[in-house]
Amino acid sequence: MTHSPNPARKAGFAAIIGAPNAGKSTLVNRLTGSKVSIVTQKVQTTRFPVRGIAIHGDAQIVLVDTPGIFTPRRRLDRAMVASAWGGAHDADVVVHLIDAASHIASEGKEGTAADRRSAEDTETIIENLKGSGTQVILALNKIDGMRRDTLLALSHSLFETGVYSEVYMISAATGDGVDDLKARLALSMPASEWLYPEDQSADVPIRVLAAEITREKLYLRVHEELPYSAAVETTAFDEKADGSARIEQTIYVERESQRPIILGKGGQTLKWIGQKSREELIELLDRPIHLFITVKVDPKWQDSRALYAQFGLEYDV
């Protein structure tokens, strides 16, 4: 079935940038109405530009959910930051999302180290924006329960930097103010045929999505003991004649001592991770799933080109 070109249609890219934990993934999920990017409490969990697709009237907004922009310390960090800035430069409109509560806390005595780190990342982003001369939309997130005068003072001080064209006060978690932001993004989309089929909410390859889902479960379960030293790769994805799919995955850790953490006593932890991941994959793919996970020790996984390719990241940055 071919449809004739629709002159009223618009489509383009909106990049959402911000410090880790600003709430980018939650906002993308709220805008698209489906779980696309992986929402976990650990910072730096979105490793590649997951694109969610939001529809507003005749406009299709392809959301580039950039990894958190922070001061890079390792090769993987550098690849993620390069990816984030690449996503921002190629977009039709850029939203800088800031966790308002954390930003204000960072200036007072009650601020945590994480609040201060997040505020530093925000400074880094502002400096980069000044350098690039890009005008972006400021979105102050997590405004629930905050005093209006506090918010106005914050938006005023951020506006003084000269990099923002306008400000939206939102709560990605409750949806407050998000529809206004969505309407604004739709206005920025150029006239174009839609870039994706109407029923598609993300263009993430299914192998990557499967790996991310397992990685999310892994972090939910062992994030205390394993902050960032694990990766998940989907090594095989076979469609079976009976309609089911067989998925094989490898969890990589850097040290032998981390293996038992993921396996758990009598393999219980790995079993839990596999079960939760399988349940979500069944729901997402709407078919029976046979999931097999192995744990491998590879001290050099952070330097593996294959993993970078899986996440669409540049290895040599």
# chains A, B, ... in the order shown; residues from 1 in each chain; ligands from 1
>>> residues_around(residues="Gly243 in chain A", least_positions_apart="2", cutoff="8 Å", atoms="only C-alpha atoms", output="PDB file with C-alpha atoms, in the first residue's frame")
ATOM      1  CA  GLU A 239      14.210 -17.077  14.840  1.00  0.00           C
ATOM      2  CA  LYS A 240      12.789 -20.579  15.182  1.00  0.00           C
ATOM      3  CA  ALA A 241      10.230 -22.255  12.890  1.00  0.00           C
ATOM      4  CA  ALA A 245      13.359 -16.907  19.275  1.00  0.00           C
ATOM      5  CA  ARG A 287       6.635 -14.393  21.181  1.00  0.00           C
ATOM      6  CA  PRO A 288       8.201 -17.190  23.265  1.00  0.00           C
TER       7      PRO A 288
END
>>> select_by_dssp(residues="range 159-206 of chain A", states="strand (DSSP E)", output="list in words")
Tyr164, Ser165, Glu166, Val167, Tyr168 and Met169 of chain A
>>> write_last_selection(atoms="all heavy atoms", output="PDB file, in the first residue's frame")
ATOM      1  N   TYR A 164      20.422  29.866  25.714  1.00  0.00           N
ATOM      2  CA  TYR A 164      19.054  29.340  25.635  1.00  0.00           C
ATOM      3  C   TYR A 164      18.098  30.308  24.942  1.00  0.00           C
ATOM      4  O   TYR A 164      18.170  31.512  25.144  1.00  0.00           O
ATOM      5  CB  TYR A 164      18.526  29.034  27.042  1.00  0.00           C
ATOM      6  CG  TYR A 164      19.427  28.081  27.792  1.00  0.00           C
ATOM      7  CD1 TYR A 164      20.165  28.508  28.901  1.00  0.00           C
ATOM      8  CD2 TYR A 164      19.573  26.765  27.376  1.00  0.00           C
ATOM      9  CE1 TYR A 164      21.021  27.636  29.569  1.00  0.00           C
ATOM     10  CE2 TYR A 164      20.427  25.893  28.031  1.00  0.00           C
ATOM     11  CZ  TYR A 164      21.148  26.333  29.124  1.00  0.00           C
ATOM     12  OH  TYR A 164      21.988  25.479  29.771  1.00  0.00           O
ATOM     13  N   SER A 165      17.199  29.732  24.132  1.00  0.00           N
ATOM     14  CA  SER A 165      16.215  30.558  23.434  1.00  0.00           C
ATOM     15  C   SER A 165      14.941  30.680  24.259  1.00  0.00           C
ATOM     16  O   SER A 165      14.219  31.654  24.161  1.00  0.00           O
ATOM     17  CB  SER A 165      15.886  29.942  22.073  1.00  0.00           C
ATOM     18  OG  SER A 165      15.424  28.611  22.242  1.00  0.00           O
ATOM     19  N   GLU A 166      14.640  29.669  25.063  1.00  0.00           N
ATOM     20  CA  GLU A 166      13.416  29.672  25.882  1.00  0.00           C
ATOM     21  C   GLU A 166      13.522  28.603  26.949  1.00  0.00           C
ATOM     22  O   GLU A 166      14.421  27.769  26.899  1.00  0.00           O
ATOM     23  CB  GLU A 166      12.186  29.426  25.008  1.00  0.00           C
ATOM     24  CG  GLU A 166      12.221  28.087  24.308  1.00  0.00           C
ATOM     25  CD  GLU A 166      11.798  28.175  22.845  1.00  0.00           C
ATOM     26  OE1 GLU A 166      12.668  28.383  21.973  1.00  0.00           O
ATOM     27  OE2 GLU A 166      10.608  28.025  22.593  1.00  0.00           O
ATOM     28  N   VAL A 167      12.588  28.623  27.897  1.00  0.00           N
ATOM     29  CA  VAL A 167      12.655  27.653  28.985  1.00  0.00           C
ATOM     30  C   VAL A 167      11.298  26.985  29.192  1.00  0.00           C
ATOM     31  O   VAL A 167      10.250  27.617  29.035  1.00  0.00           O
ATOM     32  CB  VAL A 167      13.136  28.323  30.309  1.00  0.00           C
ATOM     33  CG1 VAL A 167      12.160  29.386  30.770  1.00  0.00           C
ATOM     34  CG2 VAL A 167      13.315  27.272  31.413  1.00  0.00           C
ATOM     35  N   TYR A 168      11.329  25.689  29.498  1.00  0.00           N
ATOM     36  CA  TYR A 168      10.124  24.937  29.847  1.00  0.00           C
ATOM     37  C   TYR A 168      10.346  24.310  31.220  1.00  0.00           C
ATOM     38  O   TYR A 168      11.417  23.769  31.480  1.00  0.00           O
ATOM     39  CB  TYR A 168       9.847  23.829  28.813  1.00  0.00           C
ATOM     40  CG  TYR A 168       9.297  24.386  27.527  1.00  0.00           C
ATOM     41  CD1 TYR A 168      10.135  24.963  26.582  1.00  0.00           C
ATOM     42  CD2 TYR A 168       7.919  24.393  27.277  1.00  0.00           C
ATOM     43  CE1 TYR A 168       9.632  25.521  25.410  1.00  0.00           C
ATOM     44  CE2 TYR A 168       7.405  24.943  26.115  1.00  0.00           C
ATOM     45  CZ  TYR A 168       8.258  25.513  25.185  1.00  0.00           C
ATOM     46  OH  TYR A 168       7.747  26.065  24.050  1.00  0.00           O
ATOM     47  N   MET A 169       9.346  24.415  32.082  1.00  0.00           N
ATOM     48  CA  MET A 169       9.423  23.789  33.405  1.00  0.00           C
ATOM     49  C   MET A 169       8.615  22.489  33.314  1.00  0.00           C
ATOM     50  O   MET A 169       7.422  22.535  33.006  1.00  0.00           O
ATOM     51  CB  MET A 169       8.775  24.681  34.463  1.00  0.00           C
ATOM     52  CG  MET A 169       9.247  26.115  34.423  1.00  0.00           C
ATOM     53  SD  MET A 169      10.510  26.384  35.662  1.00  0.00           S
ATOM     54  CE  MET A 169      10.838  28.139  35.424  1.00  0.00           C
TER      55      MET A 169
END
>>> closest_residue(among="A:Glu224, A:Glu233, A:Glu280, A:Glu123", to="Val253 in chain A", atoms="only C-alpha atoms")
A:Glu233
>>> atom_distance(atom1="CA of Ala186 in chain A", atom2="CA of Ala11 in chain A")
8.2 Å
>>> residues_around(residues="Ser244 in chain A", least_positions_apart="2", cutoff="12 Å", atoms="only C-alpha atoms", output="list in words")
Phe237, Asp238, Glu239, Lys240, Ala241, Asp242, Arg246, Ile247, Leu281, Ile282, Leu285, Asp286, Arg287, Pro288, Ile289, His290 and Leu291 of chain A
>>> closest_residue(among="A:Asp298, A:Glu256, A:Asp179, A:Asp58", to="Val232 in chain A", atoms="only C-alpha atoms")
A:Asp298
>>> residues_around(residues="Gln258 in chain A", least_positions_apart="3", cutoff="10 Å", atoms="only C-alpha atoms", output="VMD selection string")
chain A and resid 225 to 226 229 to 230 252 to 255 261 to 263 295 to 297
>>> closest_residue(among="A:Glu248, A:Gly264, A:Pro299, A:Val94", to="Arg278 in chain A", atoms="only C-alpha atoms")
A:Glu248
>>> closest_residue(among="A:Leu185, A:Ala119, A:Val95, A:Leu138", to="His156 in chain A", atoms="only C-alpha atoms")
A:Leu138
>>> residues_around(residues="range 102-116 of chain A", least_positions_apart="2", cutoff="10 Å", atoms="only C-alpha atoms", output="JSON, numbers by chain")
{"A": [20, 21, 22, 43, 98, 99, 100, 118, 119, 120, 121, 122, 140, 141, 142, 150, 151, 154]}
>>> residues_around(residues="Ala231 in chain A", least_positions_apart="4", cutoff="9 Å", atoms="only C-alpha atoms", output="list in words")
Ala211, Arg215, Thr250, Ile251, Tyr252, Val253, Trp301, Gln302 and Leu307 of chain A
>>> select_by_dssp(residues="range 164-235 of chain A", states="helix (DSSP H, G or I)", output="mmCIF file with all heavy atoms, in the first residue's frame")
data_model
loop_
_atom_site.group_PDB
_atom_site.id
_atom_site.type_symbol
_atom_site.label_atom_id
_atom_site.label_comp_id
_atom_site.auth_asym_id
_atom_site.auth_seq_id
_atom_site.Cartn_x
_atom_site.Cartn_y
_atom_site.Cartn_z
ATOM 1 N N VAL A 178 5.085 18.435 29.872
ATOM 2 C CA VAL A 178 5.744 17.718 28.766
ATOM 3 C C VAL A 178 5.006 17.917 27.434
ATOM 4 O O VAL A 178 5.625 18.023 26.378
ATOM 5 C CB VAL A 178 5.926 16.216 29.102
ATOM 6 C CG1 VAL A 178 6.473 15.445 27.908
ATOM 7 C CG2 VAL A 178 6.851 16.048 30.297
ATOM 8 N N ASP A 179 3.673 18.009 27.479
ATOM 9 C CA ASP A 179 2.917 18.212 26.231
ATOM 10 C C ASP A 179 3.262 19.539 25.559
ATOM 11 O O ASP A 179 3.341 19.617 24.334
ATOM 12 C CB ASP A 179 1.404 18.126 26.496
ATOM 13 C CG ASP A 179 0.953 16.686 26.729
ATOM 14 O OD1 ASP A 179 1.744 15.775 26.411
ATOM 15 O OD2 ASP A 179 -0.177 16.473 27.226
ATOM 16 N N ASP A 180 3.475 20.577 26.389
ATOM 17 C CA ASP A 180 3.861 21.888 25.828
ATOM 18 C C ASP A 180 5.215 21.782 25.131
ATOM 19 O O ASP A 180 5.416 22.329 24.045
ATOM 20 C CB ASP A 180 3.957 22.948 26.936
ATOM 21 C CG ASP A 180 2.588 23.245 27.546
ATOM 22 O OD1 ASP A 180 1.568 22.958 26.876
ATOM 23 O OD2 ASP A 180 2.532 23.759 28.684
ATOM 24 N N LEU A 181 6.124 21.068 25.772
ATOM 25 C CA LEU A 181 7.463 20.892 25.190
ATOM 26 C C LEU A 181 7.367 20.108 23.881
ATOM 27 O O LEU A 181 7.997 20.452 22.884
ATOM 28 C CB LEU A 181 8.377 20.170 26.190
ATOM 29 C CG LEU A 181 9.802 19.871 25.716
ATOM 30 C CD1 LEU A 181 10.565 21.151 25.376
ATOM 31 C CD2 LEU A 181 10.573 19.075 26.767
ATOM 32 N N LYS A 182 6.510 19.080 23.874
ATOM 33 C CA LYS A 182 6.339 18.242 22.681
ATOM 34 C C LYS A 182 5.790 19.076 21.514
ATOM 35 O O LYS A 182 6.259 18.963 20.377
ATOM 36 C CB LYS A 182 5.379 17.100 23.011
ATOM 37 C CG LYS A 182 5.256 16.030 21.946
ATOM 38 C CD LYS A 182 4.378 14.912 22.490
ATOM 39 C CE LYS A 182 4.201 13.768 21.538
ATOM 40 N NZ LYS A 182 3.406 12.676 22.126
ATOM 41 N N ALA A 183 4.811 19.932 21.825
ATOM 42 C CA ALA A 183 4.230 20.797 20.790
ATOM 43 C C ALA A 183 5.302 21.724 20.220
ATOM 44 O O ALA A 183 5.360 21.988 19.018
ATOM 45 C CB ALA A 183 3.074 21.605 21.373
ATOM 46 N N ARG A 184 6.176 22.220 21.113
ATOM 47 C CA ARG A 184 7.253 23.122 20.699
ATOM 48 C C ARG A 184 8.246 22.390 19.801
ATOM 49 O O ARG A 184 8.718 22.933 18.801
ATOM 50 C CB ARG A 184 7.946 23.677 21.945
ATOM 51 C CG ARG A 184 9.221 24.476 21.681
ATOM 52 C CD ARG A 184 8.930 25.749 20.906
ATOM 53 N NE ARG A 184 10.155 26.460 20.580
ATOM 54 C CZ ARG A 184 10.930 26.156 19.535
ATOM 55 N NH1 ARG A 184 10.611 25.144 18.733
ATOM 56 N NH2 ARG A 184 12.023 26.854 19.299
ATOM 57 N N LEU A 185 8.568 21.143 20.133
ATOM 58 C CA LEU A 185 9.497 20.356 19.311
ATOM 59 C C LEU A 185 8.893 20.107 17.929
ATOM 60 O O LEU A 185 9.585 20.168 16.913
ATOM 61 C CB LEU A 185 9.819 19.008 19.987
ATOM 62 C CG LEU A 185 10.548 19.081 21.330
ATOM 63 C CD1 LEU A 185 10.794 17.671 21.881
ATOM 64 C CD2 LEU A 185 11.859 19.840 21.220
ATOM 65 N N ALA A 186 7.583 19.846 17.903
ATOM 66 C CA ALA A 186 6.898 19.598 16.626
ATOM 67 C C ALA A 186 7.029 20.809 15.697
ATOM 68 O O ALA A 186 7.223 20.666 14.490
ATOM 69 C CB ALA A 186 5.430 19.271 16.880
ATOM 70 N N LEU A 187 6.956 22.013 16.286
ATOM 71 C CA LEU A 187 7.083 23.241 15.491
ATOM 72 C C LEU A 187 8.460 23.362 14.830
ATOM 73 O O LEU A 187 8.598 23.986 13.783
ATOM 74 C CB LEU A 187 6.876 24.481 16.375
ATOM 75 C CG LEU A 187 5.441 24.818 16.779
ATOM 76 C CD1 LEU A 187 5.437 26.003 17.740
ATOM 77 C CD2 LEU A 187 4.591 25.130 15.547
ATOM 78 N N ILE A 206 17.205 -4.981 17.302
ATOM 79 C CA ILE A 206 16.639 -5.814 18.350
ATOM 80 C C ILE A 206 17.719 -6.485 19.211
ATOM 81 O O ILE A 206 17.563 -6.649 20.412
ATOM 82 C CB ILE A 206 15.654 -6.840 17.746
ATOM 83 C CG1 ILE A 206 14.557 -7.142 18.750
ATOM 84 C CG2 ILE A 206 16.321 -8.081 17.253
ATOM 85 C CD1 ILE A 206 13.553 -6.056 18.917
ATOM 86 N N ARG A 207 18.859 -6.809 18.617
ATOM 87 C CA ARG A 207 19.966 -7.410 19.375
ATOM 88 C C ARG A 207 20.457 -6.456 20.463
ATOM 89 O O ARG A 207 20.784 -6.862 21.571
ATOM 90 C CB ARG A 207 21.168 -7.667 18.468
ATOM 91 C CG ARG A 207 21.085 -8.934 17.685
ATOM 92 C CD ARG A 207 22.245 -8.967 16.700
ATOM 93 N NE ARG A 207 22.255 -10.273 16.074
ATOM 94 C CZ ARG A 207 23.199 -11.176 16.263
ATOM 95 N NH1 ARG A 207 24.216 -10.940 17.043
ATOM 96 N NH2 ARG A 207 23.133 -12.342 15.674
ATOM 97 N N VAL A 208 20.572 -5.186 20.080
ATOM 98 C CA VAL A 208 21.057 -4.175 21.014
ATOM 99 C C VAL A 208 20.046 -3.973 22.135
ATOM 100 O O VAL A 208 20.388 -3.915 23.315
ATOM 101 C CB VAL A 208 21.323 -2.840 20.289
ATOM 102 C CG1 VAL A 208 21.749 -1.774 21.279
ATOM 103 C CG2 VAL A 208 22.398 -3.027 19.225
ATOM 104 N N LEU A 209 18.768 -3.901 21.732
ATOM 105 C CA LEU A 209 17.722 -3.707 22.723
ATOM 106 C C LEU A 209 17.712 -4.867 23.719
ATOM 107 O O LEU A 209 17.600 -4.669 24.925
ATOM 108 C CB LEU A 209 16.363 -3.583 22.028
ATOM 109 C CG LEU A 209 15.258 -2.892 22.829
ATOM 110 C CD1 LEU A 209 15.689 -1.500 23.269
ATOM 111 C CD2 LEU A 209 13.983 -2.812 22.021
ATOM 112 N N ALA A 210 17.883 -6.083 23.197
ATOM 113 C CA ALA A 210 17.900 -7.269 24.063
ATOM 114 C C ALA A 210 19.074 -7.192 25.045
ATOM 115 O O ALA A 210 18.942 -7.499 26.228
ATOM 116 C CB ALA A 210 17.985 -8.534 23.220
ATOM 117 N N ALA A 211 20.234 -6.738 24.550
ATOM 118 C CA ALA A 211 21.415 -6.617 25.410
ATOM 119 C C ALA A 211 21.180 -5.544 26.477
ATOM 120 O O ALA A 211 21.522 -5.715 27.647
ATOM 121 C CB ALA A 211 22.643 -6.263 24.574
ATOM 122 N N GLU A 212 20.556 -4.435 26.072
ATOM 123 C CA GLU A 212 20.297 -3.349 27.016
ATOM 124 C C GLU A 212 19.314 -3.769 28.108
ATOM 125 O O GLU A 212 19.456 -3.380 29.266
ATOM 126 C CB GLU A 212 19.732 -2.129 26.263
ATOM 127 C CG GLU A 212 20.794 -1.333 25.566
ATOM 128 C CD GLU A 212 21.709 -0.619 26.555
ATOM 129 O OE1 GLU A 212 21.333 0.435 27.076
ATOM 130 O OE2 GLU A 212 22.804 -1.132 26.820
ATOM 131 N N ILE A 213 18.318 -4.563 27.718
ATOM 132 C CA ILE A 213 17.334 -5.022 28.708
ATOM 133 C C ILE A 213 18.015 -5.910 29.748
ATOM 134 O O ILE A 213 17.814 -5.749 30.949
ATOM 135 C CB ILE A 213 16.166 -5.748 27.996
ATOM 136 C CG1 ILE A 213 15.266 -4.702 27.322
ATOM 137 C CG2 ILE A 213 15.360 -6.601 28.981
ATOM 138 C CD1 ILE A 213 14.242 -5.257 26.370
ATOM 139 N N THR A 214 18.867 -6.815 29.286
ATOM 140 C CA THR A 214 19.582 -7.674 30.235
ATOM 141 C C THR A 214 20.525 -6.846 31.105
ATOM 142 O O THR A 214 20.646 -7.066 32.307
ATOM 143 C CB THR A 214 20.363 -8.775 29.480
ATOM 144 O OG1 THR A 214 19.414 -9.573 28.755
ATOM 145 C CG2 THR A 214 21.141 -9.668 30.438
ATOM 146 N N ARG A 215 21.171 -5.835 30.488
ATOM 147 C CA ARG A 215 22.086 -4.990 31.253
ATOM 148 C C ARG A 215 21.324 -4.211 32.326
ATOM 149 O O ARG A 215 21.802 -4.014 33.435
ATOM 150 C CB ARG A 215 22.823 -4.032 30.323
ATOM 151 C CG ARG A 215 24.052 -3.411 30.944
ATOM 152 C CD ARG A 215 24.951 -2.855 29.872
ATOM 153 N NE ARG A 215 24.354 -1.713 29.230
ATOM 154 C CZ ARG A 215 24.551 -0.466 29.633
ATOM 155 N NH1 ARG A 215 25.317 -0.226 30.679
ATOM 156 N NH2 ARG A 215 23.991 0.532 29.003
ATOM 157 N N GLU A 216 20.111 -3.791 31.981
ATOM 158 C CA GLU A 216 19.290 -3.084 32.977
ATOM 159 C C GLU A 216 19.006 -3.990 34.170
ATOM 160 O O GLU A 216 19.136 -3.585 35.326
ATOM 161 C CB GLU A 216 17.978 -2.632 32.335
ATOM 162 C CG GLU A 216 17.057 -1.949 33.327
ATOM 163 C CD GLU A 216 15.658 -1.678 32.774
ATOM 164 O OE1 GLU A 216 15.120 -2.523 32.029
ATOM 165 O OE2 GLU A 216 15.124 -0.615 33.086
ATOM 166 N N LYS A 217 18.619 -5.243 33.896
ATOM 167 C CA LYS A 217 18.311 -6.173 34.986
ATOM 168 C C LYS A 217 19.565 -6.444 35.830
ATOM 169 O O LYS A 217 19.498 -6.546 37.052
ATOM 170 C CB LYS A 217 17.783 -7.516 34.448
ATOM 171 C CG LYS A 217 16.594 -7.402 33.506
ATOM 172 C CD LYS A 217 15.458 -6.572 34.075
ATOM 173 C CE LYS A 217 14.381 -6.341 33.032
ATOM 174 N NZ LYS A 217 13.809 -5.005 33.080
ATOM 175 N N LEU A 218 20.686 -6.564 35.143
ATOM 176 C CA LEU A 218 21.962 -6.792 35.817
ATOM 177 C C LEU A 218 22.253 -5.653 36.801
ATOM 178 O O LEU A 218 22.585 -5.880 37.962
ATOM 179 C CB LEU A 218 23.057 -6.871 34.747
ATOM 180 C CG LEU A 218 24.523 -6.916 35.182
ATOM 181 C CD1 LEU A 218 24.828 -8.240 35.829
ATOM 182 C CD2 LEU A 218 25.434 -6.716 33.976
ATOM 183 N N TYR A 219 22.086 -4.413 36.341
ATOM 184 C CA TYR A 219 22.347 -3.262 37.209
ATOM 185 C C TYR A 219 21.347 -3.166 38.351
ATOM 186 O O TYR A 219 21.696 -2.786 39.452
ATOM 187 C CB TYR A 219 22.356 -1.964 36.402
ATOM 188 C CG TYR A 219 23.678 -1.746 35.717
ATOM 189 C CD1 TYR A 219 23.757 -1.511 34.358
ATOM 190 C CD2 TYR A 219 24.869 -1.827 36.445
ATOM 191 C CE1 TYR A 219 24.982 -1.345 33.731
ATOM 192 C CE2 TYR A 219 26.088 -1.661 35.827
ATOM 193 C CZ TYR A 219 26.146 -1.414 34.472
ATOM 194 O OH TYR A 219 27.356 -1.256 33.860
ATOM 195 N N LEU A 220 20.091 -3.488 38.047
ATOM 196 C CA LEU A 220 19.084 -3.444 39.115
ATOM 197 C C LEU A 220 19.492 -4.364 40.252
ATOM 198 O O LEU A 220 19.288 -4.074 41.418
ATOM 199 C CB LEU A 220 17.715 -3.886 38.573
ATOM 200 C CG LEU A 220 16.965 -2.885 37.707
ATOM 201 C CD1 LEU A 220 15.711 -3.521 37.126
ATOM 202 C CD2 LEU A 220 16.598 -1.635 38.489
ATOM 203 N N ARG A 221 20.099 -5.501 39.884
ATOM 204 C CA ARG A 221 20.404 -6.514 40.868
ATOM 205 C C ARG A 221 21.758 -6.332 41.562
ATOM 206 O O ARG A 221 21.890 -6.547 42.753
ATOM 207 C CB ARG A 221 20.341 -7.893 40.185
ATOM 208 C CG ARG A 221 20.374 -9.078 41.118
ATOM 209 C CD ARG A 221 19.185 -9.089 42.063
ATOM 210 N NE ARG A 221 19.382 -10.061 43.108
ATOM 211 C CZ ARG A 221 18.767 -11.243 43.144
ATOM 212 N NH1 ARG A 221 17.911 -11.587 42.210
ATOM 213 N NH2 ARG A 221 18.995 -12.068 44.144
ATOM 214 N N VAL A 222 22.783 -5.911 40.798
ATOM 215 C CA VAL A 222 24.129 -5.894 41.397
ATOM 216 C C VAL A 222 24.828 -4.537 41.334
ATOM 217 O O VAL A 222 26.039 -4.469 41.435
ATOM 218 C CB VAL A 222 25.055 -6.967 40.752
ATOM 219 C CG1 VAL A 222 24.492 -8.357 40.937
ATOM 220 C CG2 VAL A 222 25.294 -6.683 39.284
#
>>> atom_distance(atom1="CA of His56 in chain A", atom2="CA of Leu284 in chain A")
23.6 Å
>>> residues_around(residues="Gln135 in chain A", least_positions_apart="5", cutoff="12 Å", atoms="only C-alpha atoms", output="list of chain:residue names")
A:Ala88, A:His89, A:Ala91, A:Asp92, A:Val93, A:Val94, A:Val95, A:His96, A:Ile126, A:Asn128, A:Leu129, A:Lys130, A:Phe159, A:Thr161, A:Gly162, A:Val163, A:Tyr164, A:Ser165, A:Glu166, A:Val167
>>> write_last_selection(atoms="N, CA and C atoms", output="PDB file, in the first residue's frame")
ATOM      1  N   ALA A  88      23.782  15.829  19.033  1.00  0.00           N
ATOM      2  CA  ALA A  88      23.289  17.193  19.211  1.00  0.00           C
ATOM      3  C   ALA A  88      23.528  18.036  17.961  1.00  0.00           C
ATOM      4  N   HIS A  89      24.719  17.861  17.344  1.00  0.00           N
ATOM      5  CA  HIS A  89      25.033  18.701  16.179  1.00  0.00           C
ATOM      6  C   HIS A  89      24.165  18.391  14.974  1.00  0.00           C
ATOM      7  N   ALA A  91      21.022  17.498  14.976  1.00  0.00           N
ATOM      8  CA  ALA A  91      19.586  17.609  15.228  1.00  0.00           C
ATOM      9  C   ALA A  91      18.997  18.928  14.726  1.00  0.00           C
ATOM     10  N   ASP A  92      17.678  18.932  14.511  1.00  0.00           N
ATOM     11  CA  ASP A  92      16.970  20.157  14.104  1.00  0.00           C
ATOM     12  C   ASP A  92      16.703  21.051  15.309  1.00  0.00           C
ATOM     13  N   VAL A  93      16.607  20.447  16.463  1.00  0.00           N
ATOM     14  CA  VAL A  93      16.376  21.224  17.686  1.00  0.00           C
ATOM     15  C   VAL A  93      17.048  20.478  18.839  1.00  0.00           C
ATOM     16  N   VAL A  94      17.576  21.244  19.789  1.00  0.00           N
ATOM     17  CA  VAL A  94      18.271  20.640  20.918  1.00  0.00           C
ATOM     18  C   VAL A  94      17.612  21.086  22.224  1.00  0.00           C
ATOM     19  N   VAL A  95      17.365  20.131  23.112  1.00  0.00           N
ATOM     20  CA  VAL A  95      16.826  20.442  24.430  1.00  0.00           C
ATOM     21  C   VAL A  95      17.914  20.130  25.454  1.00  0.00           C
ATOM     22  N   HIS A  96      18.221  21.094  26.292  1.00  0.00           N
ATOM     23  CA  HIS A  96      19.161  20.837  27.390  1.00  0.00           C
ATOM     24  C   HIS A  96      18.334  20.614  28.649  1.00  0.00           C
ATOM     25  N   ILE A 126      27.249  23.904  28.991  1.00  0.00           N
ATOM     26  CA  ILE A 126      27.037  25.321  28.663  1.00  0.00           C
ATOM     27  C   ILE A 126      28.256  25.891  27.935  1.00  0.00           C
ATOM     28  N   ASN A 128      30.436  24.247  26.136  1.00  0.00           N
ATOM     29  CA  ASN A 128      30.453  23.675  24.785  1.00  0.00           C
ATOM     30  C   ASN A 128      29.427  24.343  23.878  1.00  0.00           C
ATOM     31  N   LEU A 129      28.257  24.652  24.446  1.00  0.00           N
ATOM     32  CA  LEU A 129      27.211  25.310  23.653  1.00  0.00           C
ATOM     33  C   LEU A 129      27.649  26.719  23.264  1.00  0.00           C
ATOM     34  N   LYS A 130      28.288  27.416  24.202  1.00  0.00           N
ATOM     35  CA  LYS A 130      28.800  28.768  23.897  1.00  0.00           C
ATOM     36  C   LYS A 130      29.765  28.685  22.724  1.00  0.00           C
ATOM     37  N   PHE A 159      19.718  31.574  31.995  1.00  0.00           N
ATOM     38  CA  PHE A 159      19.475  32.376  30.789  1.00  0.00           C
ATOM     39  C   PHE A 159      20.594  33.372  30.534  1.00  0.00           C
ATOM     40  N   THR A 161      23.559  32.992  30.595  1.00  0.00           N
ATOM     41  CA  THR A 161      24.685  32.415  29.849  1.00  0.00           C
ATOM     42  C   THR A 161      24.566  32.694  28.354  1.00  0.00           C
ATOM     43  N   GLY A 162      23.338  33.016  27.899  1.00  0.00           N
ATOM     44  CA  GLY A 162      23.145  33.363  26.492  1.00  0.00           C
ATOM     45  C   GLY A 162      22.986  32.194  25.534  1.00  0.00           C
ATOM     46  N   VAL A 163      22.916  30.969  26.057  1.00  0.00           N
ATOM     47  CA  VAL A 163      22.809  29.833  25.126  1.00  0.00           C
ATOM     48  C   VAL A 163      21.381  29.317  24.947  1.00  0.00           C
ATOM     49  N   TYR A 164      20.422  29.866  25.714  1.00  0.00           N
ATOM     50  CA  TYR A 164      19.054  29.340  25.635  1.00  0.00           C
ATOM     51  C   TYR A 164      18.098  30.308  24.942  1.00  0.00           C
ATOM     52  N   SER A 165      17.199  29.732  24.132  1.00  0.00           N
ATOM     53  CA  SER A 165      16.215  30.558  23.434  1.00  0.00           C
ATOM     54  C   SER A 165      14.941  30.680  24.259  1.00  0.00           C
ATOM     55  N   GLU A 166      14.640  29.669  25.063  1.00  0.00           N
ATOM     56  CA  GLU A 166      13.416  29.672  25.882  1.00  0.00           C
ATOM     57  C   GLU A 166      13.522  28.603  26.949  1.00  0.00           C
ATOM     58  N   VAL A 167      12.588  28.623  27.897  1.00  0.00           N
ATOM     59  CA  VAL A 167      12.655  27.653  28.985  1.00  0.00           C
ATOM     60  C   VAL A 167      11.298  26.985  29.192  1.00  0.00           C
TER      61      VAL A 167
END
